[in-house]
Amino acid sequence: MFSSFFSAIDPNAPNLHPVTDRVTAADLFGELTPDDNDWVCPGGFAVETHVWYNRLEDGSFLMCQVIHSSIGLWYPTVQFTFRLFNPATKAHIWRSANVSGFVSPAPGTDDKRTGKSDKFTVLFKPATAGTEETYSITSNPADDVQVSLDVSRVASVPGFKLGKGPKGGNTYFGADAENPDGYVWHRFWPSTTCKGTIVVNGKAVPANGTGMFVHAIQGMRPNLVASRWNFALFEGDDGKTSATMMEFTSTPGYGKKGDGSGGAAINVGCVVKDGQLAVVTGETIWPGELADDGVPVQSRAKHHDTKVDEDTGYNAPTRLSYHWKGPSLLGDAPGTLAASVDLPVGDPQAYSGLIEKVDVLGEIPQVIKAVIAYAGTKPYIYCWMNPATLNITLPDGKTEEVKGALIHEATFIS
């Protein structure tokens, strides 16, 4: 009896189940339900984030983020992080505040998209006949920074997850996808507008612009989920065109053939054109398999011509490229739509557009730092903001070039 029990577990069975396994080219777009962006606040080992990325009218990059981290039996830690970077003046403000008293829903509402702590309040306003659904963010992450910001989803661009239903947007880890060891999920608002004011050292800065919102969960220890992450957000100068991409590479322990077969790149993205969601993309490229340029759906982030960075020890890119391809969602333009950005960033010791190389262990709470350091990892995040061009190929073969800015990140964990 016992021998049959143990032999039922195949050590070479897949223990990584990418979100792309459950979708076809015809059903990449999964509509968000009202509770898809609720705070889950999972227990165990998990990190949940709500992140609002914005490019302001003066060209600055503004990010506000709430991070909820659960570490086993310890009480969860919550942070509010803030970044404001002006590429013209190179002025850069980064604040990270550990908060207390976090609750969701916020007092006075039963909407779990809201949250409140001693240093921030995030409220949610559903769409009405005359208004778009909106997050209202107020925060004092530091004595010298105050945030008052409304972020609204552009009504003509729906939020999405990759694939339909309650499992849409989810990648599962473990031999049994129905009872997984862990999971990763992403829900997106691909196109947002923001209005508000940031006060820095007593000076008010208008915070009006365009951007995107993402709700993400790593439902397992971060050092077990991924060895690398890539993120890209292109915001067009026209205010109507954007492209988003999120990719992670699985750790060696999770792959197509069990422990030791990891290294799969799981990628989700989208392109917005002329104020309409034009394409949703998703692709998994397994280690040892060449990317097939003939497949109908492509979603890829690539590092080119890497060099060892003396600051971090990682093989860092000197050029990056991002590529989207899939069935057009534009009602008047059926067929295949593709888009790409190819961007040289230079030598790691003198990067063009570099905002910061973030030593993650220096920015996170001590209890989380202890877990990650014990695993022997030293994560770094490279953050850039560069002028860029999004090259779009329409279903009829015509091409368009959209000028704008690319906000992008490359994270190395192990």
# chains A, B, ... in the order shown; residues from 1 in each chain; ligands from 1
$ select_by_dssp --residues "region 115-245 of chain A" --states "strand (DSSP E)" --output "PyMOL selection string"
chain A and resi 115-116+120-125+134-142+145-153+160-162+170-173+182-200+203-206+209-218+226-236+242-245
$ write_last_selection --atoms "C-alpha atoms" --output "PDB file, in the first residue's frame"
ATOM      1  CA  GLY A 115      -7.226  50.269   2.686  1.00  0.00           C
ATOM      2  CA  LYS A 116      -6.061  52.522   5.490  1.00  0.00           C
ATOM      3  CA  PHE A 120      -1.975  56.392   3.968  1.00  0.00           C
ATOM      4  CA  THR A 121      -5.576  56.001   2.904  1.00  0.00           C
ATOM      5  CA  VAL A 122      -6.651  54.436  -0.389  1.00  0.00           C
ATOM      6  CA  LEU A 123     -10.345  54.736  -1.265  1.00  0.00           C
ATOM      7  CA  PHE A 124     -12.211  53.426  -4.307  1.00  0.00           C
ATOM      8  CA  LYS A 125     -14.998  55.156  -6.211  1.00  0.00           C
ATOM      9  CA  THR A 134     -11.115  55.812  -9.414  1.00  0.00           C
ATOM     10  CA  TYR A 135      -8.605  55.184  -6.664  1.00  0.00           C
ATOM     11  CA  SER A 136      -8.095  58.149  -4.315  1.00  0.00           C
ATOM     12  CA  ILE A 137      -4.704  58.010  -2.621  1.00  0.00           C
ATOM     13  CA  THR A 138      -3.620  60.233   0.240  1.00  0.00           C
ATOM     14  CA  SER A 139      -0.350  59.603   2.028  1.00  0.00           C
ATOM     15  CA  ASN A 140       2.403  61.097   4.155  1.00  0.00           C
ATOM     16  CA  PRO A 141       5.200  58.581   3.552  1.00  0.00           C
ATOM     17  CA  ALA A 142       7.725  61.007   5.078  1.00  0.00           C
ATOM     18  CA  VAL A 145       6.381  64.321   1.152  1.00  0.00           C
ATOM     19  CA  GLN A 146       2.584  64.474   0.969  1.00  0.00           C
ATOM     20  CA  VAL A 147       0.512  62.732  -1.706  1.00  0.00           C
ATOM     21  CA  SER A 148      -3.006  63.583  -2.840  1.00  0.00           C
ATOM     22  CA  LEU A 149      -3.816  61.697  -6.028  1.00  0.00           C
ATOM     23  CA  ASP A 150      -6.820  60.379  -7.948  1.00  0.00           C
ATOM     24  CA  VAL A 151      -6.079  57.596 -10.444  1.00  0.00           C
ATOM     25  CA  SER A 152      -8.920  56.728 -12.826  1.00  0.00           C
ATOM     26  CA  ARG A 153      -9.251  53.916 -15.333  1.00  0.00           C
ATOM     27  CA  PHE A 160      -7.947  42.617 -17.783  1.00  0.00           C
ATOM     28  CA  LYS A 161      -6.259  39.434 -16.647  1.00  0.00           C
ATOM     29  CA  LEU A 162      -4.822  36.789 -18.958  1.00  0.00           C
ATOM     30  CA  ASN A 170      -2.800  32.915 -12.292  1.00  0.00           C
ATOM     31  CA  THR A 171       0.342  30.771 -12.560  1.00  0.00           C
ATOM     32  CA  TYR A 172       0.534  27.837 -10.132  1.00  0.00           C
ATOM     33  CA  PHE A 173       3.527  26.112  -8.509  1.00  0.00           C
ATOM     34  CA  GLY A 182       2.091  28.724  -4.371  1.00  0.00           C
ATOM     35  CA  TYR A 183       0.919  31.038  -7.123  1.00  0.00           C
ATOM     36  CA  VAL A 184       1.503  34.297  -8.937  1.00  0.00           C
ATOM     37  CA  TRP A 185      -1.276  36.503 -10.215  1.00  0.00           C
ATOM     38  CA  HIS A 186      -1.613  39.806 -12.098  1.00  0.00           C
ATOM     39  CA  ARG A 187      -4.614  42.053 -12.794  1.00  0.00           C
ATOM     40  CA  PHE A 188      -4.149  45.195 -14.876  1.00  0.00           C
ATOM     41  CA  TRP A 189      -5.714  48.516 -15.636  1.00  0.00           C
ATOM     42  CA  PRO A 190      -3.672  49.156 -18.801  1.00  0.00           C
ATOM     43  CA  SER A 191      -4.616  52.805 -19.177  1.00  0.00           C
ATOM     44  CA  THR A 192      -5.218  55.346 -16.428  1.00  0.00           C
ATOM     45  CA  THR A 193      -5.213  59.082 -15.873  1.00  0.00           C
ATOM     46  CA  CYS A 194      -4.093  60.789 -12.709  1.00  0.00           C
ATOM     47  CA  LYS A 195      -4.911  64.150 -11.178  1.00  0.00           C
ATOM     48  CA  GLY A 196      -3.601  65.582  -7.968  1.00  0.00           C
ATOM     49  CA  THR A 197      -0.773  67.262  -6.133  1.00  0.00           C
ATOM     50  CA  ILE A 198       2.477  66.087  -4.618  1.00  0.00           C
ATOM     51  CA  VAL A 199       4.014  68.325  -1.958  1.00  0.00           C
ATOM     52  CA  VAL A 200       7.788  67.969  -1.634  1.00  0.00           C
ATOM     53  CA  LYS A 203       6.506  72.912  -2.682  1.00  0.00           C
ATOM     54  CA  ALA A 204       3.401  71.746  -4.549  1.00  0.00           C
ATOM     55  CA  VAL A 205       4.008  69.728  -7.729  1.00  0.00           C
ATOM     56  CA  PRO A 206       1.074  69.164 -10.116  1.00  0.00           C
ATOM     57  CA  GLY A 209      -0.747  62.517 -16.393  1.00  0.00           C
ATOM     58  CA  THR A 210      -1.295  59.010 -17.747  1.00  0.00           C
ATOM     59  CA  GLY A 211      -0.236  55.566 -16.613  1.00  0.00           C
ATOM     60  CA  MET A 212      -1.360  52.112 -15.485  1.00  0.00           C
ATOM     61  CA  PHE A 213      -2.308  50.146 -12.366  1.00  0.00           C
ATOM     62  CA  VAL A 214      -1.418  46.565 -11.461  1.00  0.00           C
ATOM     63  CA  HIS A 215      -2.540  44.297  -8.627  1.00  0.00           C
ATOM     64  CA  ALA A 216      -0.043  41.474  -8.099  1.00  0.00           C
ATOM     65  CA  ILE A 217       0.482  38.602  -5.657  1.00  0.00           C
ATOM     66  CA  GLN A 218       3.442  36.298  -5.145  1.00  0.00           C
ATOM     67  CA  ALA A 226      11.445  33.801  -9.607  1.00  0.00           C
ATOM     68  CA  SER A 227      15.111  34.283 -10.313  1.00  0.00           C
ATOM     69  CA  ARG A 228      14.420  37.326 -12.482  1.00  0.00           C
ATOM     70  CA  TRP A 229      11.661  39.817 -13.323  1.00  0.00           C
ATOM     71  CA  ASN A 230      11.208  42.256 -16.205  1.00  0.00           C
ATOM     72  CA  PHE A 231       8.684  45.086 -16.290  1.00  0.00           C
ATOM     73  CA  ALA A 232       8.051  47.674 -18.984  1.00  0.00           C
ATOM     74  CA  LEU A 233       5.581  50.513 -19.383  1.00  0.00           C
ATOM     75  CA  PHE A 234       5.658  52.623 -22.533  1.00  0.00           C
ATOM     76  CA  GLU A 235       3.650  55.863 -22.360  1.00  0.00           C
ATOM     77  CA  GLY A 236       3.159  57.658 -25.685  1.00  0.00           C
ATOM     78  CA  SER A 242       0.773  52.668 -24.229  1.00  0.00           C
ATOM     79  CA  ALA A 243       2.227  49.195 -23.794  1.00  0.00           C
ATOM     80  CA  THR A 244       2.722  47.130 -20.647  1.00  0.00           C
ATOM     81  CA  MET A 245       4.727  43.967 -20.002  1.00  0.00           C
TER      82      MET A 245
END
$ closest_atom_pairs --of "region 202-311 of chain A" --to "region 338-353 of chain A" --cutoff "9 Å" --atoms "only C-alpha atoms" --output "tab-separated table"
residue	atom	partner	partner_atom	distance
A:Phe234	CA	A:Val341	CA	8.6
A:Ala243	CA	A:Ala339	CA	8.5
A:Val271	CA	A:Ala339	CA	7.6
A:Val279	CA	A:Ala338	CA	8.2
A:Gln298	CA	A:Ala338	CA	8.7
A:His304	CA	A:Pro344	CA	8.9
A:Thr306	CA	A:Pro348	CA	8.9
A:Lys307	CA	A:Pro348	CA	7.3
A:Val308	CA	A:Pro348	CA	7.8
A:Asp309	CA	A:Pro348	CA	5.6
A:Glu310	CA	A:Gln349	CA	7.5
A:Asp311	CA	A:Gln349	CA	7.9
$ residues_around --residues "region 398-408 of chain A" --least-positions-apart "2" --cutoff "9 Å" --atoms "only C-alpha atoms" --output "PyMOL selection string"
chain A and resi 53+55+59+61+230-238+241-242+341+382-396+410
$ atom_distance --atom1 "CA of Pro34 (chain A)" --atom2 "CA of Pro158 (chain A)"
12.1 Å
$ residues_around --residues "Arg83 (chain A)" --least-positions-apart "2" --cutoff "6 Å" --atoms "only C-alpha atoms" --output "PyMOL selection string"
chain A and resi 62-63+93-94
